[in-house]
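S.K.: One structure, pasted below without further comment.
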Amino acid sequence: MRFTQLRDDGDRRGASCGLPGPAIEALGGVHDVHLMTLHAGHVRGNHYHRDRDELLAVMGTSRWRVRWEDPDGSANERIFDGPTAVLVTVDRMLSHAVINDGPGDLVMVSIANGPFDPEHPDSYPKPLA
């Protein structure tokens, strides 16, 4: 799991963060993009992917966490607090979860290097949160 703090180039209208080209290029092609929110007190993830690598761009204004599994099976956690925009690089086969501990919504974008197929979603449960 790798974390990249994103630079906020926003103005009085709000935040505006671009994703680094090398991170996107490292996927070897983008085949799926999902835009989502995560309400306070909720979790997204608690799963792993067998066939796809994923970039998760997460933007929040208060406390949130990421839990993940290392290749040796150990569990880890990183906490973010305050206004943040972070790119999380998620390798296949490693379980991951984003937890919103704050009072407001998180905005998330998931970018994957394989297509999403609702009949075979490549999302296998493995709870971390």
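Identifiers for the structure tokens are assigned positionally: chains receive A, B, ... in sequence, residues are indexed from 1 per chain, and ligands are indexed from 1 in the order shown.
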Excluding same-chain residues fewer than 2 positions from Arg65 (chain A), what lies within 7 Å of it counting only C-alpha atoms, as a list in words?
M.R.: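 The neighbour list is Arg67, Glu77, Arg78, Ile79, Phe80, Val98, Ile99 and Asn100 of chain A.
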S.K.: Take the residues that were just selected and, keeping N, CA, C and O atoms, output them as a tab-separated table (two decimals), in the first residue's frame.
M.R.:
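The file below, selection_6.tsv, is the result:
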chain	number	residue	atom	x	y	z
A	67	ARG	N	-7.30	0.94	6.45
A	67	ARG	CA	-6.71	-0.29	6.96
A	67	ARG	C	-6.37	-1.16	5.77
A	67	ARG	O	-7.12	-1.20	4.79
A	77	GLU	N	-2.71	0.27	9.64
A	77	GLU	CA	-3.69	1.35	9.62
A	77	GLU	C	-2.97	2.68	9.51
A	77	GLU	O	-1.90	2.87	10.10
A	78	ARG	N	-3.55	3.58	8.74
A	78	ARG	CA	-3.05	4.96	8.66
A	78	ARG	C	-4.24	5.89	8.88
A	78	ARG	O	-5.29	5.70	8.28
A	79	ILE	N	-4.04	6.90	9.72
A	79	ILE	CA	-5.10	7.84	10.07
A	79	ILE	C	-4.81	9.18	9.41
A	79	ILE	O	-3.67	9.66	9.41
A	80	PHE	N	-5.86	9.79	8.86
A	80	PHE	CA	-5.78	11.13	8.29
A	80	PHE	C	-6.77	12.00	9.04
A	80	PHE	O	-7.85	11.55	9.40
A	98	VAL	N	-11.58	1.63	3.76
A	98	VAL	CA	-11.57	3.06	4.11
A	98	VAL	C	-12.69	3.27	5.11
A	98	VAL	O	-13.83	2.86	4.87
A	99	ILE	N	-12.35	3.88	6.24
A	99	ILE	CA	-13.30	4.08	7.34
A	99	ILE	C	-13.47	5.58	7.56
A	99	ILE	O	-12.48	6.29	7.74
A	100	ASN	N	-14.71	6.05	7.54
A	100	ASN	CA	-14.98	7.47	7.76
A	100	ASN	C	-15.36	7.67	9.22
A	100	ASN	O	-16.47	7.38	9.63
S.K.: Could you give me, as a list in words, the residues within 9 Å of region 15-29 of chain A, counting only C-alpha atoms and dropping anything in the same chain fewer than 2 positions from it?
M.R.: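 So the residues in contact are Thr4, Leu6, Arg7, Asp8, Asp9, Gly10, Asp11, Arg12, Arg13, His31, Arg52, Asp53, Glu54, Leu55, Ala57, Met59, Ala85, Leu87, Thr89, Ile111, Ala112, Asn113 and Gly114 of chain A.
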S.K.: Please, which residues of chain A, numbered as in this document, come out strand (DSSP E) from DSSP, as a PyMOL selection string?
M.R.: chain A and resi 2-5+32-38+43-48+54-60+64-69+75-80+84-90+96-100+106-112+124-125
S.K.: Pick out the residues sitting within 10 Å of Ala75 (chain A), and hand them over as JSON, numbers by chain; count only C-alpha atoms, and ignore anything fewer than 5 positions along from it in its own chain.
M.R.: {"A": [67, 68, 69, 70, 95, 96, 128]}
S.K.: Got time to write the residues from that selection, N, CA and C atoms, as a tab-separated table (two decimals), in the first residue's frame?
M.R.:
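Saved as result-v5.tsv:
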chain	number	residue	atom	x	y	z
A	67	ARG	N	-7.30	0.94	6.45
A	67	ARG	CA	-6.71	-0.29	6.96
A	67	ARG	C	-6.37	-1.16	5.77
A	68	TRP	N	-5.25	-1.88	5.86
A	68	TRP	CA	-4.85	-2.74	4.76
A	68	TRP	C	-4.03	-3.91	5.28
A	69	GLU	N	-3.93	-4.89	4.40
A	69	GLU	CA	-3.18	-6.10	4.69
A	69	GLU	C	-1.89	-6.08	3.87
A	70	ASP	N	-0.77	-6.34	4.53
A	70	ASP	CA	0.50	-6.47	3.83
A	70	ASP	C	0.63	-7.86	3.22
A	95	SER	N	-6.23	-7.07	1.03
A	95	SER	CA	-7.48	-6.51	1.53
A	95	SER	C	-7.27	-5.07	1.98
A	96	HIS	N	-8.30	-4.25	1.80
A	96	HIS	CA	-8.23	-2.84	2.14
A	96	HIS	C	-9.60	-2.33	2.54
A	128	LEU	N	-11.44	-5.99	7.46
A	128	LEU	CA	-10.38	-5.39	8.24
A	128	LEU	C	-10.93	-4.36	9.22
S.K.: Find the residues around Met93 (chain A) up to 7 Å (only C-alpha atoms counted), leave out those fewer than 3 positions away in its own chain, and share them as a list in words.
M.R.: Tyr48, His49 and Arg50 of chain A
S.K.: Write to file, as a PDB file, in the first residue's frame, the residues of the selection just made, with N, CA, C and O atoms.
M.R.:
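Contents of selection.pdb, as written:
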ATOM      1  N   TYR A  48     -10.669  -7.612  -1.221  1.00  0.00           N
ATOM      2  CA  TYR A  48      -9.471  -7.566  -2.058  1.00  0.00           C
ATOM      3  C   TYR A  48      -9.881  -7.914  -3.484  1.00  0.00           C
ATOM      4  O   TYR A  48     -10.987  -8.394  -3.733  1.00  0.00           O
ATOM      5  N   HIS A  49      -8.989  -7.645  -4.413  1.00  0.00           N
ATOM      6  CA  HIS A  49      -9.215  -7.941  -5.829  1.00  0.00           C
ATOM      7  C   HIS A  49      -8.163  -8.950  -6.283  1.00  0.00           C
ATOM      8  O   HIS A  49      -6.980  -8.784  -5.970  1.00  0.00           O
ATOM      9  N   ARG A  50      -8.582  -9.949  -7.021  1.00  0.00           N
ATOM     10  CA  ARG A  50      -7.638 -10.936  -7.558  1.00  0.00           C
ATOM     11  C   ARG A  50      -7.037 -10.486  -8.881  1.00  0.00           C
ATOM     12  O   ARG A  50      -5.888 -10.806  -9.178  1.00  0.00           O
TER      13      ARG A  50
END
S.K.: List every residue of chain A that DSSP, applied to the backbone of this structure, assigns to alpha helix (DSSP H), and report them as a list in words.
M.R.: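 Answer for chain A, restricted to alpha helix (DSSP H): Gly21, Pro22, Ala23, Ile24, Glu25 and Ala26 of chain A.
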S.K.: Interatomic distance between CA of Trp64 (chain A) and CA of Val33 (chain A)?
M.R.: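 That distance, rounded to one decimal, is 21.7 Å.
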S.K.: Name the closest residue to Arg44 (chain A) among the candidates A:Leu56, A:Val30, A:Val86, A:Ala97; distances are taken between atoms, counting only C-alpha atoms.
M.R.: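 Checking each of A:Leu56, A:Val30, A:Val86, A:Ala97 against Arg44 (chain A), counting only C-alpha atoms, the winner is A:Ala97.
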S.K.: Residues at most 8 Å from region 40-42 of chain A, counting only C-alpha atoms, excluding those fewer than 5 positions away in the same chain, as JSON, numbers by chain?
M.R.: {"A": [99, 100, 101, 102, 103, 104, 105, 106]}
S.K.: Write the residues of the preceding selection, restricted to all heavy atoms, as a tab-separated table (two decimals), in the first residue's frame.
M.R.:
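Saved file out02.tsv follows:
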chain	number	residue	atom	x	y	z
A	99	ILE	N	-12.35	3.88	6.24
A	99	ILE	CA	-13.30	4.08	7.34
A	99	ILE	C	-13.47	5.58	7.56
A	99	ILE	O	-12.48	6.29	7.74
A	99	ILE	CB	-12.78	3.44	8.65
A	99	ILE	CG1	-12.49	1.95	8.44
A	99	ILE	CG2	-13.76	3.65	9.78
A	99	ILE	CD1	-11.05	1.60	8.34
A	100	ASN	N	-14.71	6.05	7.54
A	100	ASN	CA	-14.98	7.47	7.76
A	100	ASN	C	-15.36	7.67	9.22
A	100	ASN	O	-16.47	7.38	9.63
A	100	ASN	CB	-16.09	7.97	6.84
A	100	ASN	CG	-16.28	9.47	6.94
A	100	ASN	OD1	-15.69	10.12	7.79
A	100	ASN	ND2	-17.12	10.00	6.08
A	101	ASP	N	-14.41	8.21	10.01
A	101	ASP	CA	-14.64	8.49	11.42
A	101	ASP	C	-15.14	9.90	11.67
A	101	ASP	O	-15.46	10.25	12.80
A	101	ASP	CB	-13.33	8.32	12.21
A	101	ASP	CG	-12.84	6.90	12.21
A	101	ASP	OD1	-13.67	5.98	12.32
A	101	ASP	OD2	-11.61	6.71	12.10
A	102	GLY	N	-15.14	10.73	10.65
A	102	GLY	CA	-15.49	12.14	10.82
A	102	GLY	C	-16.97	12.40	10.66
A	102	GLY	O	-17.75	11.50	10.35
A	103	PRO	N	-17.37	13.66	10.82
A	103	PRO	CA	-18.78	14.01	10.74
A	103	PRO	C	-19.30	14.24	9.32
A	103	PRO	O	-20.50	14.21	9.10
A	103	PRO	CB	-18.85	15.32	11.53
A	103	PRO	CG	-17.50	15.92	11.38
A	103	PRO	CD	-16.55	14.76	11.32
A	104	GLY	N	-18.41	14.44	8.35
A	104	GLY	CA	-18.86	14.73	6.99
A	104	GLY	C	-18.57	13.59	6.04
A	104	GLY	O	-17.94	12.59	6.40
A	105	ASP	N	-19.05	13.74	4.81
A	105	ASP	CA	-18.80	12.74	3.77
A	105	ASP	C	-17.35	12.78	3.29
A	105	ASP	O	-16.72	13.84	3.28
A	105	ASP	CB	-19.69	12.99	2.55
A	105	ASP	CG	-21.14	12.60	2.78
A	105	ASP	OD1	-21.45	11.99	3.82
A	105	ASP	OD2	-21.95	12.89	1.89
A	106	LEU	N	-16.85	11.64	2.86
A	106	LEU	CA	-15.62	11.56	2.08
A	106	LEU	C	-16.04	11.46	0.62
A	106	LEU	O	-17.07	10.86	0.31
A	106	LEU	CB	-14.81	10.32	2.43
A	106	LEU	CG	-14.24	10.19	3.83
A	106	LEU	CD1	-13.49	8.86	3.96
A	106	LEU	CD2	-13.33	11.35	4.16
S.K.: Counting only C-alpha atoms, figure out which residue out of A:Gln5, A:Ser74, A:Val90, A:Phe116 gets nearest to Gly45 (chain A).
M.R.: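 Closest residue, counting only C-alpha atoms: A:Val90.
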S.K.: Using only C-alpha atoms, find the one residue out of A:His120, A:His47, A:His39, A:His34 that sits nearest to Asp91 (chain A).
M.R.: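 The closest residue to Asp91 (chain A) is A:His47.
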S.K.: My list of candidates is A:Pro125, A:Asp72, A:Asn46, A:Val58. Which is closest to Val109 (chain A) when distances are computed with only C-alpha atoms?
M.R.: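 Closest to Val109 (chain A), using only C-alpha atoms: A:Val58.
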S.K.: Between A:Arg92, A:Ala129, A:Asp117, A:Ser123, which is the closest to Met1 (chain A) once you count only C-alpha atoms?
M.R.: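 Ranked by minimum distance to Met1 (chain A), first place goes to A:Arg92.
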